[in-house]
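Here the structure comes first, spelled out in structure tokens, and everything after it is commentary.
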Amino acid sequence: MTRRRKLLGGALVATILVGVVAVFAWAQLGGQSDALPGAETALASDDDVKVELEPWITLSPSDRASTGFILYPGARVDPAAYAPSARAIADQGYLTVIVPMPFGIAALGADQATDVMEAFPEVERWVVGGHSIGGAMAMQYTDDNVDRVAGVALWGAYPSPDDDLSTEPVLGVSVYASEDGLSTVEEIEDTAQYLPQGTDFVLIEGGNHTNFGLYETQDGDGEATITPAEQQSQTVAATLELLDTVEAAGG
């Protein structure tokens, strides 16, 4: 190897390391939005749903449907914050897996749904969803793996134009909130064209960004006029409708 190639190689490695250190520092300084008391009560196993906390938060119903649901958390949000909604979905028979992300950032682990799918080969169809950036990464994953995904569910999230599912044979639901200050109604509507044809758009009046989970309020969010439980109930209902449709289509 020539001296010039060695220098270029060293510069590339240095650039990568700087990037990794920058991401790590941002993640550490940014802090995590912790789940509020009460969220983790949904993670107790019982006769109907077995809960495992490693390597993902997995809620496995004893009487399981042939469709499963994978959920990507929002950036720097404690995955346990989504436990109440995940438990409500699992209670209806759907294997539900919340996927913790590297440094809490879904953009660094967008392909993890594949690992989940391979861990549960008995599940015949999958819906991949997420909150906030987690939803955007669910769209990216689906766009890259259309043959693996039957449906996509966005919670307070919108896609990049690069992840256009408008002509793909995938079902979809987009649940969004009127008081969301981080994924606004305008942003949801402006990017609706990239979602699958026939996507069900569900507007939660009085909801905000934070209350898609059960965690500390995020800076920049709007003020909700309904409770987190009310917002999550509507979110779960819309997601279950998609899961039921996917399950029925698999017949």
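Chain lettering (A, B, ...) mirrors the order of the structure tokens, residue numbering begins at 1 for each chain separately, and ligand numbering begins at 1 in order of display.
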Residues of region 83-186 of chain A that have any atom at most 8 Å from an atom of region 33-53 of chain A: could you tabulate them with the shortest-distance atom pair and the distance in Å to one decimal, using only C-alpha atoms, ordered by chain and increasing number, as CSV?
residue,atom,partner,partner_atom,distance
A:Ala83,CA,A:Ala42,CA,5.6
A:Pro84,CA,A:Ala42,CA,5.3
A:Arg87,CA,A:Ala42,CA,6.0
A:Ala90,CA,A:Val49,CA,7.0
A:Asp91,CA,A:Val49,CA,6.9
Determine, for each residue of region 27-98 of chain A having at least one atom at most 10 Å from an atom of region 152-168 of chain A, the closest pair of atoms and their separation in Å to one decimal, counting only C-alpha atoms; order by chain and ascending number, as a Markdown table.
| residue | atom | partner | partner_atom | distance |
| --- | --- | --- | --- | --- |
| A:Phe69 | CA | A:Ala153 | CA | 9.3 |
| A:Ile70 | CA | A:Ala153 | CA | 9.5 |
| A:Leu71 | CA | A:Ala153 | CA | 8.7 |
| A:Tyr72 | CA | A:Leu154 | CA | 9.8 |
| A:Pro73 | CA | A:Trp155 | CA | 9.8 |
| A:Gly74 | CA | A:Ala157 | CA | 9.2 |
Point to revise | Shell of 9 Å around Asp244 (chain A), only C-alpha atoms, local chain residues under 5 positions omitted, as a list in words | key: Thr67, Thr239 and Ala249 of chain A
Write the residues of the selection above to a file with N, CA and C atoms, as a PDB file, in the first residue's frame.
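Everything below was put into part_39.pdb:
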ATOM      1  N   THR A  67     -50.565 -12.912  12.260  1.00  0.00           N
ATOM      2  CA  THR A  67     -49.983 -11.614  11.918  1.00  0.00           C
ATOM      3  C   THR A  67     -49.299 -11.030  13.144  1.00  0.00           C
ATOM      4  N   THR A 239     -54.870   0.961  14.791  1.00  0.00           N
ATOM      5  CA  THR A 239     -53.841  -0.022  14.465  1.00  0.00           C
ATOM      6  C   THR A 239     -54.425  -1.424  14.403  1.00  0.00           C
ATOM      7  N   ALA A 249     -56.988 -10.789   5.234  1.00  0.00           N
ATOM      8  CA  ALA A 249     -56.519 -10.941   3.859  1.00  0.00           C
ATOM      9  C   ALA A 249     -55.640 -12.178   3.701  1.00  0.00           C
TER      10      ALA A 249
END
**Study point:** Counting only C-alpha atoms, the residue of A:Asp78, A:Glu54, A:Asp180, A:Glu122 that sits nearest Leu214 (chain A)
**Key:**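 The closest residue to Leu214 (chain A) is A:Asp78.
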